[in-house]
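Asker: Structure file data.cif (mmCIF, N, CA and C atoms) right here:
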data_my_file
#
loop_
_atom_site.label_atom_id
_atom_site.label_comp_id
_atom_site.auth_asym_id
_atom_site.auth_seq_id
_atom_site.Cartn_x
_atom_site.Cartn_y
_atom_site.Cartn_z
N MET A 1 -28.31 9.11 -35.01
CA MET A 1 -28.88 7.94 -35.62
C MET A 1 -27.94 6.76 -35.39
N LYS A 2 -28.49 5.69 -34.90
CA LYS A 2 -27.70 4.51 -34.57
C LYS A 2 -27.43 3.68 -35.82
N ASN A 3 -26.20 3.22 -35.94
CA ASN A 3 -25.81 2.38 -37.07
C ASN A 3 -26.12 0.93 -36.73
N ASN A 4 -27.10 0.37 -37.40
CA ASN A 4 -27.50 -1.02 -37.15
C ASN A 4 -26.62 -2.02 -37.88
N PHE A 5 -25.76 -1.53 -38.72
CA PHE A 5 -24.90 -2.39 -39.51
C PHE A 5 -23.44 -2.06 -39.22
N PRO A 6 -22.84 -2.65 -38.18
CA PRO A 6 -21.47 -2.28 -37.81
C PRO A 6 -20.44 -2.63 -38.87
N HIS A 7 -20.72 -3.64 -39.69
CA HIS A 7 -19.76 -4.01 -40.73
C HIS A 7 -19.63 -2.92 -41.79
N GLN A 8 -20.70 -2.15 -42.01
CA GLN A 8 -20.62 -1.07 -42.99
C GLN A 8 -19.66 0.02 -42.52
N LYS A 9 -19.69 0.33 -41.23
CA LYS A 9 -18.78 1.35 -40.72
C LYS A 9 -17.33 0.90 -40.85
N ALA A 10 -17.08 -0.38 -40.56
CA ALA A 10 -15.72 -0.90 -40.68
C ALA A 10 -15.24 -0.80 -42.12
N ASN A 11 -16.10 -1.13 -43.08
CA ASN A 11 -15.70 -1.06 -44.48
C ASN A 11 -15.50 0.38 -44.93
N GLN A 12 -16.29 1.33 -44.40
CA GLN A 12 -16.12 2.72 -44.77
C GLN A 12 -14.80 3.27 -44.23
N ASN A 13 -14.40 2.83 -43.07
CA ASN A 13 -13.13 3.29 -42.51
C ASN A 13 -11.94 2.70 -43.24
N ASN A 14 -12.11 1.58 -43.90
CA ASN A 14 -11.01 0.89 -44.56
C ASN A 14 -10.96 1.14 -46.06
N ARG A 15 -11.61 2.16 -46.54
CA ARG A 15 -11.65 2.37 -47.99
C ARG A 15 -10.27 2.62 -48.58
N GLU A 16 -9.40 3.25 -47.87
CA GLU A 16 -8.07 3.54 -48.36
C GLU A 16 -7.04 2.57 -47.80
N TYR A 17 -7.46 1.46 -47.31
CA TYR A 17 -6.61 0.52 -46.59
C TYR A 17 -5.98 -0.49 -47.54
N PHE A 18 -4.68 -0.64 -47.43
CA PHE A 18 -3.96 -1.66 -48.17
C PHE A 18 -3.09 -2.42 -47.19
N SER A 19 -3.07 -3.73 -47.31
CA SER A 19 -2.31 -4.54 -46.37
C SER A 19 -1.26 -5.37 -47.11
N PHE A 20 -0.01 -4.98 -46.95
CA PHE A 20 1.08 -5.77 -47.53
C PHE A 20 1.17 -7.12 -46.82
N ARG A 21 0.83 -7.14 -45.55
CA ARG A 21 0.84 -8.39 -44.78
C ARG A 21 -0.15 -9.39 -45.37
N ALA A 22 -1.34 -8.93 -45.75
CA ALA A 22 -2.34 -9.82 -46.34
C ALA A 22 -1.85 -10.35 -47.69
N VAL A 23 -1.24 -9.48 -48.48
CA VAL A 23 -0.71 -9.92 -49.78
C VAL A 23 0.40 -10.95 -49.57
N SER A 24 1.25 -10.73 -48.58
CA SER A 24 2.33 -11.68 -48.29
C SER A 24 1.78 -13.03 -47.88
N LYS A 25 0.76 -13.02 -47.00
CA LYS A 25 0.15 -14.28 -46.58
C LYS A 25 -0.52 -14.98 -47.76
N GLY A 26 -1.20 -14.21 -48.60
CA GLY A 26 -1.82 -14.78 -49.78
C GLY A 26 -0.79 -15.38 -50.73
N LEU A 27 0.32 -14.69 -50.86
CA LEU A 27 1.41 -15.16 -51.71
C LEU A 27 1.96 -16.49 -51.20
N ILE A 28 2.21 -16.58 -49.90
CA ILE A 28 2.73 -17.81 -49.31
C ILE A 28 1.74 -18.95 -49.47
N LYS A 29 0.46 -18.70 -49.18
CA LYS A 29 -0.57 -19.73 -49.31
C LYS A 29 -0.73 -20.17 -50.76
N GLY A 30 -0.62 -19.21 -51.68
CA GLY A 30 -0.70 -19.54 -53.10
C GLY A 30 0.46 -20.43 -53.55
N PHE A 31 1.67 -20.13 -53.07
CA PHE A 31 2.83 -20.96 -53.41
C PHE A 31 2.72 -22.35 -52.80
N ILE A 32 2.20 -22.43 -51.58
CA ILE A 32 2.03 -23.75 -50.95
C ILE A 32 1.05 -24.59 -51.75
N LEU A 33 -0.08 -24.00 -52.15
CA LEU A 33 -1.05 -24.74 -52.96
C LEU A 33 -0.44 -25.14 -54.30
N THR A 34 0.32 -24.24 -54.92
CA THR A 34 0.94 -24.56 -56.21
C THR A 34 1.91 -25.73 -56.08
N ILE A 35 2.69 -25.76 -55.02
CA ILE A 35 3.64 -26.87 -54.82
C ILE A 35 2.88 -28.17 -54.61
N ILE A 36 1.80 -28.13 -53.82
CA ILE A 36 0.98 -29.34 -53.62
C ILE A 36 0.40 -29.81 -54.94
N LEU A 37 -0.11 -28.89 -55.74
CA LEU A 37 -0.67 -29.26 -57.04
C LEU A 37 0.40 -29.80 -57.98
N TYR A 38 1.62 -29.26 -57.92
CA TYR A 38 2.73 -29.79 -58.72
C TYR A 38 3.02 -31.24 -58.35
N VAL A 39 3.06 -31.52 -57.07
CA VAL A 39 3.33 -32.89 -56.62
C VAL A 39 2.24 -33.84 -57.09
N ILE A 40 0.99 -33.44 -56.92
CA ILE A 40 -0.13 -34.28 -57.35
C ILE A 40 -0.10 -34.51 -58.86
N SER A 41 0.15 -33.44 -59.61
CA SER A 41 0.17 -33.59 -61.07
C SER A 41 1.35 -34.43 -61.54
N SER A 42 2.48 -34.32 -60.86
CA SER A 42 3.63 -35.15 -61.26
C SER A 42 3.36 -36.62 -61.00
N ILE A 43 2.67 -36.92 -59.90
CA ILE A 43 2.29 -38.32 -59.63
C ILE A 43 1.32 -38.82 -60.69
N ILE A 44 0.35 -37.99 -61.05
CA ILE A 44 -0.62 -38.39 -62.07
C ILE A 44 0.07 -38.62 -63.41
N VAL A 45 0.96 -37.71 -63.80
CA VAL A 45 1.67 -37.86 -65.08
C VAL A 45 2.54 -39.11 -65.06
N GLN A 46 3.20 -39.38 -63.94
CA GLN A 46 4.10 -40.53 -63.84
C GLN A 46 3.35 -41.86 -63.88
N TYR A 47 2.29 -41.97 -63.10
CA TYR A 47 1.64 -43.27 -62.94
C TYR A 47 0.53 -43.55 -63.94
N PHE A 48 -0.01 -42.52 -64.58
CA PHE A 48 -1.08 -42.76 -65.54
C PHE A 48 -0.62 -42.58 -66.97
N GLY A 49 0.64 -42.33 -67.17
CA GLY A 49 1.21 -42.30 -68.51
C GLY A 49 0.70 -41.18 -69.40
N LEU A 50 0.40 -40.05 -68.84
CA LEU A 50 -0.01 -38.91 -69.67
C LEU A 50 1.19 -38.43 -70.47
N PRO A 51 0.93 -37.90 -71.66
CA PRO A 51 2.05 -37.42 -72.48
C PRO A 51 2.82 -36.29 -71.81
N LYS A 52 4.11 -36.33 -71.92
CA LYS A 52 4.95 -35.32 -71.28
C LYS A 52 4.82 -33.95 -71.95
N THR A 53 4.22 -33.91 -73.12
CA THR A 53 4.00 -32.62 -73.78
C THR A 53 2.93 -31.79 -73.05
N LEU A 54 2.15 -32.43 -72.21
CA LEU A 54 1.12 -31.71 -71.44
C LEU A 54 1.68 -31.00 -70.21
N ILE A 55 2.90 -31.33 -69.83
CA ILE A 55 3.47 -30.80 -68.58
C ILE A 55 3.51 -29.27 -68.54
N PRO A 56 3.97 -28.56 -69.58
CA PRO A 56 3.97 -27.10 -69.50
C PRO A 56 2.57 -26.50 -69.31
N SER A 57 1.59 -27.06 -69.99
CA SER A 57 0.22 -26.56 -69.83
C SER A 57 -0.32 -26.84 -68.44
N ILE A 58 -0.07 -28.04 -67.95
CA ILE A 58 -0.51 -28.39 -66.60
C ILE A 58 0.16 -27.48 -65.58
N ALA A 59 1.46 -27.25 -65.74
CA ALA A 59 2.21 -26.40 -64.81
C ALA A 59 1.65 -24.98 -64.82
N TRP A 60 1.34 -24.45 -65.99
CA TRP A 60 0.81 -23.09 -66.06
C TRP A 60 -0.55 -22.99 -65.38
N TRP A 61 -1.42 -23.99 -65.56
CA TRP A 61 -2.72 -23.98 -64.90
C TRP A 61 -2.58 -24.10 -63.39
N MET A 62 -1.57 -24.82 -62.93
CA MET A 62 -1.31 -24.91 -61.49
C MET A 62 -0.93 -23.53 -60.93
N VAL A 63 -0.14 -22.79 -61.68
CA VAL A 63 0.25 -21.44 -61.26
C VAL A 63 -0.98 -20.53 -61.21
N VAL A 64 -1.82 -20.60 -62.23
CA VAL A 64 -3.03 -19.77 -62.27
C VAL A 64 -3.94 -20.09 -61.08
N ILE A 65 -4.11 -21.36 -60.78
CA ILE A 65 -4.93 -21.76 -59.63
C ILE A 65 -4.30 -21.26 -58.33
N GLY A 66 -2.98 -21.35 -58.22
CA GLY A 66 -2.29 -20.85 -57.03
C GLY A 66 -2.44 -19.35 -56.87
N ILE A 67 -2.38 -18.61 -57.97
CA ILE A 67 -2.55 -17.17 -57.91
C ILE A 67 -3.98 -16.82 -57.49
N CYS A 68 -4.97 -17.49 -58.08
CA CYS A 68 -6.36 -17.25 -57.68
C CYS A 68 -6.56 -17.52 -56.20
N PHE A 69 -6.01 -18.62 -55.72
CA PHE A 69 -6.14 -18.97 -54.31
C PHE A 69 -5.44 -17.94 -53.43
N GLY A 70 -4.25 -17.52 -53.82
CA GLY A 70 -3.52 -16.51 -53.06
C GLY A 70 -4.27 -15.19 -53.00
N GLY A 71 -4.83 -14.77 -54.14
CA GLY A 71 -5.63 -13.54 -54.16
C GLY A 71 -6.87 -13.65 -53.30
N MET A 72 -7.47 -14.83 -53.31
CA MET A 72 -8.65 -15.06 -52.48
C MET A 72 -8.28 -14.96 -51.00
N CYS A 73 -7.19 -15.58 -50.60
CA CYS A 73 -6.75 -15.54 -49.20
C CYS A 73 -6.40 -14.12 -48.77
N ALA A 74 -5.70 -13.38 -49.63
CA ALA A 74 -5.31 -12.01 -49.30
C ALA A 74 -6.53 -11.12 -49.11
N SER A 75 -7.50 -11.24 -49.98
CA SER A 75 -8.67 -10.37 -49.87
C SER A 75 -9.55 -10.75 -48.69
N ARG A 76 -9.60 -12.02 -48.34
CA ARG A 76 -10.39 -12.44 -47.17
C ARG A 76 -9.77 -11.90 -45.89
N ILE A 77 -8.45 -11.79 -45.84
CA ILE A 77 -7.79 -11.26 -44.64
C ILE A 77 -8.16 -9.79 -44.42
N VAL A 78 -8.13 -9.02 -45.50
CA VAL A 78 -8.38 -7.59 -45.39
C VAL A 78 -9.88 -7.30 -45.32
N GLY A 79 -10.65 -7.95 -46.17
CA GLY A 79 -12.10 -7.74 -46.19
C GLY A 79 -12.56 -6.62 -47.09
N SER A 80 -11.66 -6.00 -47.82
CA SER A 80 -12.05 -4.96 -48.76
C SER A 80 -11.03 -4.91 -49.89
N LYS A 81 -11.44 -4.28 -50.98
CA LYS A 81 -10.57 -4.12 -52.16
C LYS A 81 -9.96 -5.45 -52.60
N GLY A 82 -10.82 -6.42 -52.83
CA GLY A 82 -10.36 -7.73 -53.24
C GLY A 82 -9.61 -7.71 -54.55
N TRP A 83 -10.09 -6.89 -55.48
CA TRP A 83 -9.43 -6.83 -56.79
C TRP A 83 -8.00 -6.32 -56.65
N LEU A 84 -7.79 -5.33 -55.77
CA LEU A 84 -6.46 -4.76 -55.60
C LEU A 84 -5.51 -5.74 -54.92
N HIS A 85 -5.94 -6.33 -53.83
CA HIS A 85 -5.10 -7.28 -53.11
C HIS A 85 -4.83 -8.52 -53.96
N GLY A 86 -5.84 -8.96 -54.71
CA GLY A 86 -5.64 -10.10 -55.59
C GLY A 86 -4.67 -9.80 -56.73
N ALA A 87 -4.83 -8.62 -57.33
CA ALA A 87 -3.94 -8.24 -58.44
C ALA A 87 -2.49 -8.12 -57.96
N LEU A 88 -2.29 -7.52 -56.79
CA LEU A 88 -0.93 -7.40 -56.27
C LEU A 88 -0.35 -8.75 -55.90
N THR A 89 -1.19 -9.65 -55.40
CA THR A 89 -0.72 -11.01 -55.14
C THR A 89 -0.28 -11.67 -56.44
N GLY A 90 -1.05 -11.48 -57.51
CA GLY A 90 -0.68 -12.04 -58.81
C GLY A 90 0.61 -11.45 -59.35
N ILE A 91 0.77 -10.14 -59.21
CA ILE A 91 2.00 -9.48 -59.68
C ILE A 91 3.22 -10.02 -58.94
N PHE A 92 3.14 -10.07 -57.61
CA PHE A 92 4.28 -10.55 -56.83
C PHE A 92 4.56 -12.03 -57.08
N PHE A 93 3.50 -12.81 -57.29
CA PHE A 93 3.65 -14.23 -57.59
C PHE A 93 4.45 -14.42 -58.87
N ILE A 94 4.07 -13.71 -59.91
CA ILE A 94 4.77 -13.82 -61.19
C ILE A 94 6.19 -13.27 -61.08
N ILE A 95 6.38 -12.18 -60.36
CA ILE A 95 7.73 -11.62 -60.19
C ILE A 95 8.65 -12.63 -59.50
N VAL A 96 8.14 -13.31 -58.47
CA VAL A 96 8.95 -14.33 -57.80
C VAL A 96 9.30 -15.46 -58.76
N ILE A 97 8.33 -15.89 -59.56
CA ILE A 97 8.59 -16.95 -60.54
C ILE A 97 9.64 -16.50 -61.57
N ILE A 98 9.54 -15.25 -62.03
CA ILE A 98 10.51 -14.73 -63.00
C ILE A 98 11.91 -14.70 -62.39
N ILE A 99 12.02 -14.25 -61.14
CA ILE A 99 13.33 -14.17 -60.49
C ILE A 99 13.93 -15.57 -60.32
N VAL A 100 13.13 -16.51 -59.85
CA VAL A 100 13.62 -17.88 -59.67
C VAL A 100 14.00 -18.48 -61.03
N ASN A 101 13.20 -18.24 -62.04
CA ASN A 101 13.50 -18.74 -63.38
C ASN A 101 14.81 -18.14 -63.90
N PHE A 102 15.01 -16.86 -63.67
CA PHE A 102 16.23 -16.22 -64.14
C PHE A 102 17.46 -16.72 -63.38
N ILE A 103 17.32 -16.96 -62.09
CA ILE A 103 18.45 -17.44 -61.29
C ILE A 103 18.88 -18.84 -61.73
N PHE A 104 17.91 -19.72 -61.95
CA PHE A 104 18.25 -21.11 -62.24
C PHE A 104 18.44 -21.41 -63.72
N PHE A 105 17.74 -20.70 -64.60
CA PHE A 105 17.80 -21.05 -66.02
C PHE A 105 18.39 -19.96 -66.90
N ARG A 106 18.52 -18.76 -66.41
CA ARG A 106 19.13 -17.63 -67.12
C ARG A 106 18.45 -17.29 -68.45
N ASN A 107 17.18 -17.64 -68.59
CA ASN A 107 16.49 -17.24 -69.82
C ASN A 107 15.37 -16.28 -69.47
N PHE A 108 15.17 -15.34 -70.35
CA PHE A 108 14.18 -14.30 -70.11
C PHE A 108 13.59 -13.91 -71.45
N VAL A 109 12.30 -14.19 -71.64
CA VAL A 109 11.61 -13.83 -72.87
C VAL A 109 10.57 -12.78 -72.52
N VAL A 110 10.73 -11.58 -73.05
CA VAL A 110 9.88 -10.46 -72.66
C VAL A 110 8.42 -10.71 -73.02
N SER A 111 8.14 -11.19 -74.22
CA SER A 111 6.75 -11.35 -74.64
C SER A 111 6.01 -12.37 -73.77
N SER A 112 6.63 -13.49 -73.47
CA SER A 112 5.97 -14.49 -72.64
C SER A 112 5.88 -14.02 -71.20
N THR A 113 6.85 -13.24 -70.75
CA THR A 113 6.83 -12.71 -69.38
C THR A 113 5.69 -11.70 -69.21
N LEU A 114 5.51 -10.83 -70.18
CA LEU A 114 4.42 -9.86 -70.11
C LEU A 114 3.06 -10.56 -70.15
N PHE A 115 2.95 -11.58 -70.99
CA PHE A 115 1.72 -12.36 -71.06
C PHE A 115 1.42 -13.01 -69.71
N LYS A 116 2.43 -13.61 -69.10
CA LYS A 116 2.25 -14.25 -67.80
C LYS A 116 1.89 -13.23 -66.73
N LEU A 117 2.48 -12.06 -66.81
CA LEU A 117 2.18 -11.02 -65.83
C LEU A 117 0.72 -10.57 -65.95
N VAL A 118 0.24 -10.39 -67.17
CA VAL A 118 -1.15 -9.99 -67.38
C VAL A 118 -2.10 -11.07 -66.89
N ILE A 119 -1.81 -12.32 -67.22
CA ILE A 119 -2.65 -13.43 -66.76
C ILE A 119 -2.60 -13.52 -65.23
N GLY A 120 -1.43 -13.32 -64.65
CA GLY A 120 -1.30 -13.34 -63.20
C GLY A 120 -2.12 -12.25 -62.53
N ILE A 121 -2.12 -11.06 -63.12
CA ILE A 121 -2.92 -9.96 -62.56
C ILE A 121 -4.40 -10.30 -62.60
N PHE A 122 -4.87 -10.77 -63.76
CA PHE A 122 -6.29 -11.10 -63.88
C PHE A 122 -6.69 -12.29 -63.00
N ALA A 123 -5.84 -13.29 -62.91
CA ALA A 123 -6.15 -14.44 -62.05
C ALA A 123 -6.22 -14.00 -60.59
N GLY A 124 -5.29 -13.14 -60.18
CA GLY A 124 -5.33 -12.63 -58.82
C GLY A 124 -6.55 -11.77 -58.55
N MET A 125 -6.93 -10.94 -59.53
CA MET A 125 -8.12 -10.11 -59.37
C MET A 125 -9.36 -10.97 -59.22
N ILE A 126 -9.48 -11.99 -60.04
CA ILE A 126 -10.63 -12.89 -59.95
C ILE A 126 -10.66 -13.57 -58.59
N GLY A 127 -9.50 -14.06 -58.14
CA GLY A 127 -9.43 -14.68 -56.82
C GLY A 127 -9.78 -13.71 -55.71
N GLY A 128 -9.31 -12.46 -55.83
CA GLY A 128 -9.63 -11.45 -54.83
C GLY A 128 -11.11 -11.12 -54.77
N ILE A 129 -11.72 -11.03 -55.94
CA ILE A 129 -13.16 -10.75 -55.99
C ILE A 129 -13.95 -11.92 -55.39
N ILE A 130 -13.54 -13.13 -55.71
CA ILE A 130 -14.20 -14.31 -55.13
C ILE A 130 -14.00 -14.32 -53.62
N GLY A 131 -12.80 -14.01 -53.15
CA GLY A 131 -12.51 -14.01 -51.72
C GLY A 131 -13.35 -13.02 -50.94
N ILE A 132 -13.62 -11.86 -51.50
CA ILE A 132 -14.45 -10.87 -50.83
C ILE A 132 -15.90 -11.37 -50.73
N ASN A 133 -16.35 -12.06 -51.75
CA ASN A 133 -17.75 -12.47 -51.80
C ASN A 133 -18.03 -13.81 -51.13
N LEU A 134 -17.02 -14.46 -50.58
CA LEU A 134 -17.27 -15.73 -49.87
C LEU A 134 -17.58 -15.49 -48.42
#
Represent the supplied structure as structure tokens.
Answerer:
Amino acid sequence: MKNNFPHQKANQNNREYFSFRAVSKGLIKGFILTIILYVISSIIVQYFGLPKTLIPSIAWWMVVIGICFGGMCASRIVGSKGWLHGALTGIFFIIVIIIVNFIFFRNFVVSSTLFKLVIGIFAGMIGGIIGINL
């Protein structure tokens, strides 16, 4: 019997496939978007006089958007298991942020770190699921 849908065969062969390369590329693209969003938001805060108390919330939303975008990019590269590639992108994204934060500021709060890790996982999963369906 001839397979009229070649993409189905490719997806069946890749069921157990995980790509660290795709997660790495998603991670890099997510960080690039986050840096761009940081620059844009800092210009907006500076020139439009937004209260400086909003900066932590704005920064956290920029990270969440970057994680979603990174998860989306990672899952689009692989073409399967978007939730897994997105979640791993989110985990690595938050781990890198924790390491950089610890190196430069030497503060570590377990409860907020676990919360950020959970949010990072879910944001990456959502981005991965969106990336597969685009």
Asker: Check which residues satisfy the PyMOL selection byres ((chain A and resi 74) around 6) in the file shown, then give them as a PyMOL selection string.
Answerer: chain A and resi 22-23+25-26+69-73+75-79+85
Asker: Hey, what's within 10 Å of range 56-67 of chain A if we count only C-alpha atoms and toss same-chain stuff fewer than 3 positions away? As a tab-separated table (two decimals) with N, CA and C atoms, keeping the file's coordinate frame, please?
Answerer:
chain	number	residue	atom	x	y	z
A	26	GLY	N	-1.20	-14.21	-48.60
A	26	GLY	CA	-1.82	-14.78	-49.78
A	26	GLY	C	-0.79	-15.38	-50.73
A	27	LEU	N	0.32	-14.69	-50.86
A	27	LEU	CA	1.41	-15.16	-51.71
A	27	LEU	C	1.96	-16.49	-51.20
A	28	ILE	N	2.21	-16.58	-49.90
A	28	ILE	CA	2.73	-17.81	-49.31
A	28	ILE	C	1.74	-18.95	-49.47
A	29	LYS	N	0.46	-18.70	-49.18
A	29	LYS	CA	-0.57	-19.73	-49.31
A	29	LYS	C	-0.73	-20.17	-50.76
A	30	GLY	N	-0.62	-19.21	-51.68
A	30	GLY	CA	-0.70	-19.54	-53.10
A	30	GLY	C	0.46	-20.43	-53.55
A	31	PHE	N	1.67	-20.13	-53.07
A	31	PHE	CA	2.83	-20.96	-53.41
A	31	PHE	C	2.72	-22.35	-52.80
A	32	ILE	N	2.20	-22.43	-51.58
A	32	ILE	CA	2.03	-23.75	-50.95
A	32	ILE	C	1.05	-24.59	-51.75
A	33	LEU	N	-0.08	-24.00	-52.15
A	33	LEU	CA	-1.05	-24.74	-52.96
A	33	LEU	C	-0.44	-25.14	-54.30
A	34	THR	N	0.32	-24.24	-54.92
A	34	THR	CA	0.94	-24.56	-56.21
A	34	THR	C	1.91	-25.73	-56.08
A	35	ILE	N	2.69	-25.76	-55.02
A	35	ILE	CA	3.64	-26.87	-54.82
A	35	ILE	C	2.88	-28.17	-54.61
A	36	ILE	N	1.80	-28.13	-53.82
A	36	ILE	CA	0.98	-29.34	-53.62
A	36	ILE	C	0.40	-29.81	-54.94
A	37	LEU	N	-0.11	-28.89	-55.74
A	37	LEU	CA	-0.67	-29.26	-57.04
A	37	LEU	C	0.40	-29.80	-57.98
A	38	TYR	N	1.62	-29.26	-57.92
A	38	TYR	CA	2.73	-29.79	-58.72
A	38	TYR	C	3.02	-31.24	-58.35
A	41	SER	N	0.15	-33.44	-59.61
A	41	SER	CA	0.17	-33.59	-61.07
A	41	SER	C	1.35	-34.43	-61.54
A	42	SER	N	2.48	-34.32	-60.86
A	42	SER	CA	3.63	-35.15	-61.26
A	42	SER	C	3.36	-36.62	-61.00
A	45	VAL	N	0.96	-37.71	-63.80
A	45	VAL	CA	1.67	-37.86	-65.08
A	45	VAL	C	2.54	-39.11	-65.06
A	52	LYS	N	4.11	-36.33	-71.92
A	52	LYS	CA	4.95	-35.32	-71.28
A	52	LYS	C	4.82	-33.95	-71.95
A	53	THR	N	4.22	-33.91	-73.12
A	53	THR	CA	4.00	-32.62	-73.78
A	53	THR	C	2.93	-31.79	-73.05
A	70	GLY	N	-4.25	-17.52	-53.82
A	70	GLY	CA	-3.52	-16.51	-53.06
A	70	GLY	C	-4.27	-15.19	-53.00
A	71	GLY	N	-4.83	-14.77	-54.14
A	71	GLY	CA	-5.63	-13.54	-54.16
A	71	GLY	C	-6.87	-13.65	-53.30
A	72	MET	N	-7.47	-14.83	-53.31
A	72	MET	CA	-8.65	-15.06	-52.48
A	72	MET	C	-8.28	-14.96	-51.00
A	73	CYS	N	-7.19	-15.58	-50.60
A	73	CYS	CA	-6.75	-15.54	-49.20
A	73	CYS	C	-6.40	-14.12	-48.77
A	86	GLY	N	-5.84	-8.96	-54.71
A	86	GLY	CA	-5.64	-10.10	-55.59
A	86	GLY	C	-4.67	-9.80	-56.73
A	87	ALA	N	-4.83	-8.62	-57.33
A	87	ALA	CA	-3.94	-8.24	-58.44
A	87	ALA	C	-2.49	-8.12	-57.96
A	89	THR	N	-1.19	-9.65	-55.40
A	89	THR	CA	-0.72	-11.01	-55.14
A	89	THR	C	-0.28	-11.67	-56.44
A	90	GLY	N	-1.05	-11.48	-57.51
A	90	GLY	CA	-0.68	-12.04	-58.81
A	90	GLY	C	0.61	-11.45	-59.35
A	91	ILE	N	0.77	-10.14	-59.21
A	91	ILE	CA	2.00	-9.48	-59.68
A	91	ILE	C	3.22	-10.02	-58.94
A	92	PHE	N	3.14	-10.07	-57.61
A	92	PHE	CA	4.28	-10.55	-56.83
A	92	PHE	C	4.56	-12.03	-57.08
A	93	PHE	N	3.50	-12.81	-57.29
A	93	PHE	CA	3.65	-14.23	-57.59
A	93	PHE	C	4.45	-14.42	-58.87
A	94	ILE	N	4.07	-13.71	-59.91
A	94	ILE	CA	4.77	-13.82	-61.19
A	94	ILE	C	6.19	-13.27	-61.08
A	97	ILE	N	8.33	-15.89	-59.56
A	97	ILE	CA	8.59	-16.95	-60.54
A	97	ILE	C	9.64	-16.50	-61.57
A	116	LYS	N	2.43	-13.61	-69.10
A	116	LYS	CA	2.25	-14.25	-67.80
A	116	LYS	C	1.89	-13.23	-66.73
A	119	ILE	N	-1.81	-12.32	-67.22
A	119	ILE	CA	-2.65	-13.43	-66.76
A	119	ILE	C	-2.60	-13.52	-65.23
A	120	GLY	N	-1.43	-13.32	-64.65
A	120	GLY	CA	-1.30	-13.34	-63.20
A	120	GLY	C	-2.12	-12.25	-62.53
A	121	ILE	N	-2.12	-11.06	-63.12
A	121	ILE	CA	-2.92	-9.96	-62.56
A	121	ILE	C	-4.40	-10.30	-62.60
A	122	PHE	N	-4.87	-10.77	-63.76
A	122	PHE	CA	-6.29	-11.10	-63.88
A	122	PHE	C	-6.69	-12.29	-63.00
A	123	ALA	N	-5.84	-13.29	-62.91
A	123	ALA	CA	-6.15	-14.44	-62.05
A	123	ALA	C	-6.22	-14.00	-60.59
A	124	GLY	N	-5.29	-13.14	-60.18
A	124	GLY	CA	-5.33	-12.63	-58.82
A	124	GLY	C	-6.55	-11.77	-58.55
A	125	MET	N	-6.93	-10.94	-59.53
A	125	MET	CA	-8.12	-10.11	-59.37
A	125	MET	C	-9.36	-10.97	-59.22
A	126	ILE	N	-9.48	-11.99	-60.04
A	126	ILE	CA	-10.63	-12.89	-59.95
A	126	ILE	C	-10.66	-13.57	-58.59
A	127	GLY	N	-9.50	-14.06	-58.14
A	127	GLY	CA	-9.43	-14.68	-56.82
A	127	GLY	C	-9.78	-13.71	-55.71
A	128	GLY	N	-9.31	-12.46	-55.83
A	128	GLY	CA	-9.63	-11.45	-54.83
A	128	GLY	C	-11.11	-11.12	-54.77
Asker: Within chain A, find each residue whose DSSP state, derived from the backbone, is helix (DSSP H, G or I), and express the selection as a PyMOL selection string.
Answerer: chain A and resi 6-13+20-48+52-78+82-105+110-133
Asker: In Å, how far is it from CA of Asn101 in chain A to atom N of Ile43 in chain A?
Answerer: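 That distance, rounded to one decimal, is 21.4 Å.
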